[in-house]
Amino acid sequence: MIAAIPTIAEAARQIAAKQLSPVELTKACLDRVHALDERLHAFVHLTAERALTEARSAEAAIMASGPRGPLHGIPIGLKDIVDTKGIPTTCQSKLLQDNVPDADATCAEKLAAAGSVLMGKLTTHEFADGGPSFDLPKPPARNPWNTDHFTAGSSSGTGAAVASGMILCGIGTDTGGSIRGPAAYCGIAGLKPTYGLVSRAGVAPAAFSLDHIGPMAWNAEDCAIMLQALAGHDPRDPASANRSIPDYSSALGGGITGLKIGVIHHFHETDHKVGEATQRGITTAVETFRELGAEIREVQLSPLQDWHACGSLISIVERAAAYEEWSRTRLNDFGERMRTRLMLGAFVSGVDYLQAVRRRRELRAELKAAMAGLDVVLTAVFPNEAPKIDSLPKWDVFQQPSFMMPFNVAGYPAMSVCSGFGAGGLPVAIQLVGKPFQEAIVLRVADAFEKATPYRDRHPLAA
Amino acid sequence: MPGPINDAAFEYLLGRAGLVLTDAEKIELKTVCDGIAAMAERVRKPRGRMAEPALTYGFAEDDLQ
């Protein structure tokens, strides 16, 4: 009997030492799904039998010749916009209720090759956009810290499932914050890698030039393990980068003495002022980094609103282009939120779009200059704890500039790390941003912060 | 920044996009058109005609075959 779901790193050590059975671990995760998912709605399609078969196969292989790597025998989940051969991939949309892909997405293929155990497909906002619609085929995921509250999205099921211990890690996708947002609201870790580091092949697009695939797990150490399996060139993805992949796990634990960390104060203090708990988390992070030997500096960028406008215009147009045919012929088959996003595409001109792309280049150059001499920059993920799920504004894109969108615009790696809890008992987070392909440094700083603070010891009540 | 969108332009743009909306959806959508215009204004900075978007091609070995 497994009392508490371990992290990937813990489980991998125990599996390698033959002290933990992948079958027992998978059964423990399935027990949690059966106990919790009626309230959390993290899964849209549970593949329990397949998971047990894969776990038995992993166990037999490990007993015979040891684990293939740290993900061998580890229960995982995939966001339901990730193609899975022979398993429904609905994108949470009425339009794809009967869609069963005949091939795996590259990220699914890589996680399978690493020996992971697929528990099923996880709830998402429709086509990874549009917020929590209540008129979709399945209900939106609920926050394990308080089920009246939002998980954020669009990788909502991944956030809820990891936080509640139904899986040890899962795939998220991020076009304007859809990995980092749910990681923040659900109190886990989520890394949006550099654009092009992880293949998007076989994953439904939200906005081609802003879309990223990445790991979501309980902590930075587990994100490093997952990223190791996911990163790498893929000719099936036209934007895939061809670079050598470092050993992300070995970059952890070396301390952060001498690293230079910039703080974009004006983002969260002026441009979009955050609440007390989030500010406290940022202040704690700055103090912790300083105590750990890092040097703290101030960073100035264009106002958050400029980044948000740039990313939003690009996102609106690229989404409208990707889904134009269905918008014209089956608009009413989309859920309410996605429909509204698609409608906006009619009002952004070609010139508007290209001006946004030109602005993008300027903003990217600005970030590059601002980060010269720095290793990582720090800002918020959200202004506050998760709001109630039924209190979200429909047109939020026009109401609040996103702290996450700047790093989709720039394509830089960015990570959400739990930095405490608010008055309502829900988590808050900091965002750490690195230079392109410097995920190892981001993970190292995140890992150091997690180990220096007590926030990873606290688990949601629903778990 | 351009003024609020007029009814004719609004209908034209919806028609050009091939979107068929209910009257209620149109009324709601019209309330946020100014938000799009404000964003479009925000990305326009003095930059001159030579400022290119960042278009690059990932030429690889198979382009040479």
# chains A, B, ... in the order shown; residues from 1 in each chain; ligands from 1
call {"tool": "closest_atom_pairs", "arguments": {"of": "chain A", "to": "chain B", "cutoff": "10 Å", "atoms": "only C-alpha atoms", "output": "Markdown table"}}
result
| residue | atom | partner | partner_atom | distance |
| --- | --- | --- | --- | --- |
| A:Pro235 | CA | B:Ala60 | CA | 9.9 |
| A:Pro238 | CA | B:Gly58 | CA | 8.0 |
| A:Ala239 | CA | B:Gly58 | CA | 7.6 |
| A:Ser240 | CA | B:Gly58 | CA | 8.8 |
| A:Ala241 | CA | B:Gly58 | CA | 8.6 |
| A:Asn242 | CA | B:Gly58 | CA | 9.5 |
| A:Gln305 | CA | B:Arg42 | CA | 8.2 |
| A:Asp306 | CA | B:Arg42 | CA | 6.2 |
| A:Trp307 | CA | B:Val43 | CA | 8.7 |
| A:His308 | CA | B:Met39 | CA | 8.4 |
| A:Ala309 | CA | B:Met39 | CA | 4.8 |
| A:Cys310 | CA | B:Val43 | CA | 6.0 |
| A:Gly311 | CA | B:Met39 | CA | 9.7 |
| A:Ser312 | CA | B:Met39 | CA | 8.1 |
| A:Leu313 | CA | B:Met39 | CA | 7.1 |
| A:Ile316 | CA | B:Ile36 | CA | 9.8 |
| A:Ala320 | CA | B:Ala17 | CA | 9.3 |
| A:Glu324 | CA | B:Ala17 | CA | 8.1 |
| A:Glu325 | CA | B:Gly18 | CA | 9.0 |
| A:Trp326 | CA | B:Leu19 | CA | 9.9 |
| A:Ser327 | CA | B:Leu19 | CA | 6.6 |
| A:Arg328 | CA | B:Gly18 | CA | 5.1 |
| A:Thr329 | CA | B:Gly18 | CA | 8.3 |
| A:Arg330 | CA | B:Leu19 | CA | 9.5 |
| A:Leu331 | CA | B:Leu19 | CA | 7.5 |
| A:Asn332 | CA | B:Leu21 | CA | 8.9 |
| A:Arg339 | CA | B:Glu25 | CA | 9.9 |
| A:Thr340 | CA | B:Leu29 | CA | 7.8 |
| A:Leu342 | CA | B:Leu19 | CA | 9.2 |
| A:Met343 | CA | B:Leu19 | CA | 7.2 |
| A:Leu344 | CA | B:Leu29 | CA | 7.9 |
| A:Gly345 | CA | B:Ala17 | CA | 8.0 |
| A:Ala346 | CA | B:Ala17 | CA | 5.5 |
| A:Phe347 | CA | B:Leu13 | CA | 6.7 |
| A:Val348 | CA | B:Ile36 | CA | 7.0 |
| A:Ser349 | CA | B:Ala40 | CA | 8.9 |
| A:Val351 | CA | B:Ala40 | CA | 9.1 |
| A:Asp352 | CA | B:Ala40 | CA | 5.6 |
| A:Tyr353 | CA | B:Ala40 | CA | 8.1 |
| A:Leu354 | CA | B:Pro53 | CA | 7.3 |
| A:Gln355 | CA | B:Val43 | CA | 6.1 |
| A:Ala356 | CA | B:Val43 | CA | 5.4 |
| A:Val357 | CA | B:Pro53 | CA | 5.6 |
| A:Arg358 | CA | B:Pro53 | CA | 4.4 |
| A:Arg359 | CA | B:Val43 | CA | 5.7 |
| A:Arg360 | CA | B:Pro53 | CA | 7.8 |
| A:Arg361 | CA | B:Ala54 | CA | 5.9 |
| A:Glu362 | CA | B:Pro53 | CA | 9.0 |
| A:Arg364 | CA | B:Ala54 | CA | 9.8 |
| A:Trp395 | CA | B:Val32 | CA | 7.8 |
| A:Val397 | CA | B:Gly35 | CA | 8.8 |
| A:Phe398 | CA | B:Gly35 | CA | 5.9 |
| A:Gln399 | CA | B:Gly35 | CA | 8.9 |
call {"tool": "select_by_dssp", "arguments": {"residues": "stretch 81-159 of chain A", "states": "strand (DSSP E)", "output": "MDAnalysis selection string"}}
result
chainID A and resid 117:122
call {"tool": "write_last_selection", "arguments": {"atoms": "C-alpha atoms", "output": "mmCIF file, in the first residue's frame"}}
result
data_model
loop_
_atom_site.group_PDB
_atom_site.id
_atom_site.type_symbol
_atom_site.label_atom_id
_atom_site.label_comp_id
_atom_site.auth_asym_id
_atom_site.auth_seq_id
_atom_site.Cartn_x
_atom_site.Cartn_y
_atom_site.Cartn_z
ATOM 1 C CA VAL A 117 2.800 4.550 -18.055
ATOM 2 C CA LEU A 118 -0.007 6.421 -19.761
ATOM 3 C CA MET A 119 -2.941 6.907 -17.394
ATOM 4 C CA GLY A 120 -5.099 8.771 -19.876
ATOM 5 C CA LYS A 121 -6.012 12.055 -21.495
ATOM 6 C CA LEU A 122 -6.412 15.170 -19.415
#
call {"tool": "closest_residue", "arguments": {"among": "A:Thr284, A:Asn384, A:Gln300, A:Thr257", "to": "A:Thr270", "atoms": "only C-alpha atoms"}}
result
A:Gln300
call {"tool": "select_by_dssp", "arguments": {"residues": "stretch 257-334 of chain A", "states": "helix (DSSP H, G or I)", "output": "PyMOL selection string"}}
result
chain A and resi 265-271+276-291+304-322+324-333
call {"tool": "write_last_selection", "arguments": {"atoms": "C-alpha atoms", "output": "short mmCIF file (atom, residue, chain, number, x, y, z; two decimals), in the first residue's frame"}}
result
data_model
loop_
_atom_site.label_atom_id
_atom_site.label_comp_id
_atom_site.auth_asym_id
_atom_site.auth_seq_id
_atom_site.Cartn_x
_atom_site.Cartn_y
_atom_site.Cartn_z
CA HIS A 265 9.63 45.13 -10.62
CA HIS A 266 7.50 47.33 -12.83
CA PHE A 267 5.60 44.35 -14.28
CA HIS A 268 4.08 43.34 -10.94
CA GLU A 269 4.35 46.60 -8.99
CA THR A 270 3.15 49.15 -11.55
CA ASP A 271 1.95 47.68 -14.86
CA GLU A 276 -0.22 40.74 -1.06
CA ALA A 277 0.43 36.97 -1.22
CA THR A 278 2.02 37.12 -4.65
CA GLN A 279 4.17 40.10 -3.65
CA ARG A 280 5.20 38.27 -0.50
CA GLY A 281 6.23 35.28 -2.65
CA ILE A 282 8.35 37.51 -4.88
CA THR A 283 9.94 39.21 -1.89
CA THR A 284 10.67 35.82 -0.32
CA ALA A 285 12.23 34.66 -3.57
CA VAL A 286 14.49 37.71 -3.79
CA GLU A 287 15.59 37.28 -0.16
CA THR A 288 16.12 33.54 -0.64
CA PHE A 289 18.16 34.00 -3.79
CA ARG A 290 20.27 36.62 -2.09
CA GLU A 291 20.86 34.33 0.91
CA LEU A 304 3.54 44.65 -19.72
CA GLN A 305 0.61 45.97 -21.75
CA ASP A 306 2.85 46.26 -24.84
CA TRP A 307 3.87 42.62 -24.60
CA HIS A 308 0.30 41.57 -23.95
CA ALA A 309 -1.07 43.47 -26.95
CA CYS A 310 1.61 42.07 -29.22
CA GLY A 311 1.05 38.46 -28.15
CA SER A 312 -2.72 38.75 -28.08
CA LEU A 313 -2.99 40.11 -31.63
CA ILE A 314 -0.71 37.38 -32.96
CA SER A 315 -2.58 34.75 -31.00
CA ILE A 316 -6.02 35.92 -32.15
CA VAL A 317 -5.03 35.86 -35.82
CA GLU A 318 -3.11 32.59 -35.80
CA ARG A 319 -5.96 30.84 -34.00
CA ALA A 320 -8.52 32.28 -36.40
CA ALA A 321 -6.42 31.05 -39.32
CA ALA A 322 -6.00 27.56 -37.88
CA GLU A 324 -11.11 29.28 -40.06
CA GLU A 325 -12.82 26.47 -41.91
CA TRP A 326 -14.76 25.29 -38.85
CA SER A 327 -15.47 28.90 -37.87
CA ARG A 328 -17.22 29.38 -41.16
CA THR A 329 -19.09 26.11 -41.24
CA ARG A 330 -19.54 24.94 -37.65
CA LEU A 331 -19.10 27.98 -35.42
CA ASN A 332 -21.91 26.93 -33.10
CA ASP A 333 -20.26 23.58 -32.43
#
call {"tool": "atom_distance", "arguments": {"atom1": "atom CA of A:Gly258", "atom2": "atom CA of A:Phe437"}}
result
19.9 Å
call {"tool": "closest_residue", "arguments": {"among": "A:Ala28, A:Val23, A:Ile225, A:Ala35", "to": "A:Ala60", "atoms": "only C-alpha atoms"}}
result
A:Val23
call {"tool": "atom_distance", "arguments": {"atom1": "atom CA of A:Pro144", "atom2": "atom CA of A:Asp37"}}
result
9.8 Å
call {"tool": "atom_distance", "arguments": {"atom1": "atom CA of A:Gly115", "atom2": "atom CA of A:Ala58"}}
result
6.7 Å
call {"tool": "residues_around", "arguments": {"residues": "A:Ser93", "least_positions_apart": "5", "cutoff": "8 Å", "atoms": "only C-alpha atoms", "output": "number ranges by chain"}}
result
A: 126-127, 136-137, 333-335
call {"tool": "residues_around", "arguments": {"residues": "stretch 76-86 of chain A", "least_positions_apart": "2", "cutoff": "6 Å", "atoms": "only C-alpha atoms", "output": "number ranges by chain"}}
result
A: 89, 91, 100-105, 117-122, 167-171, 202-204
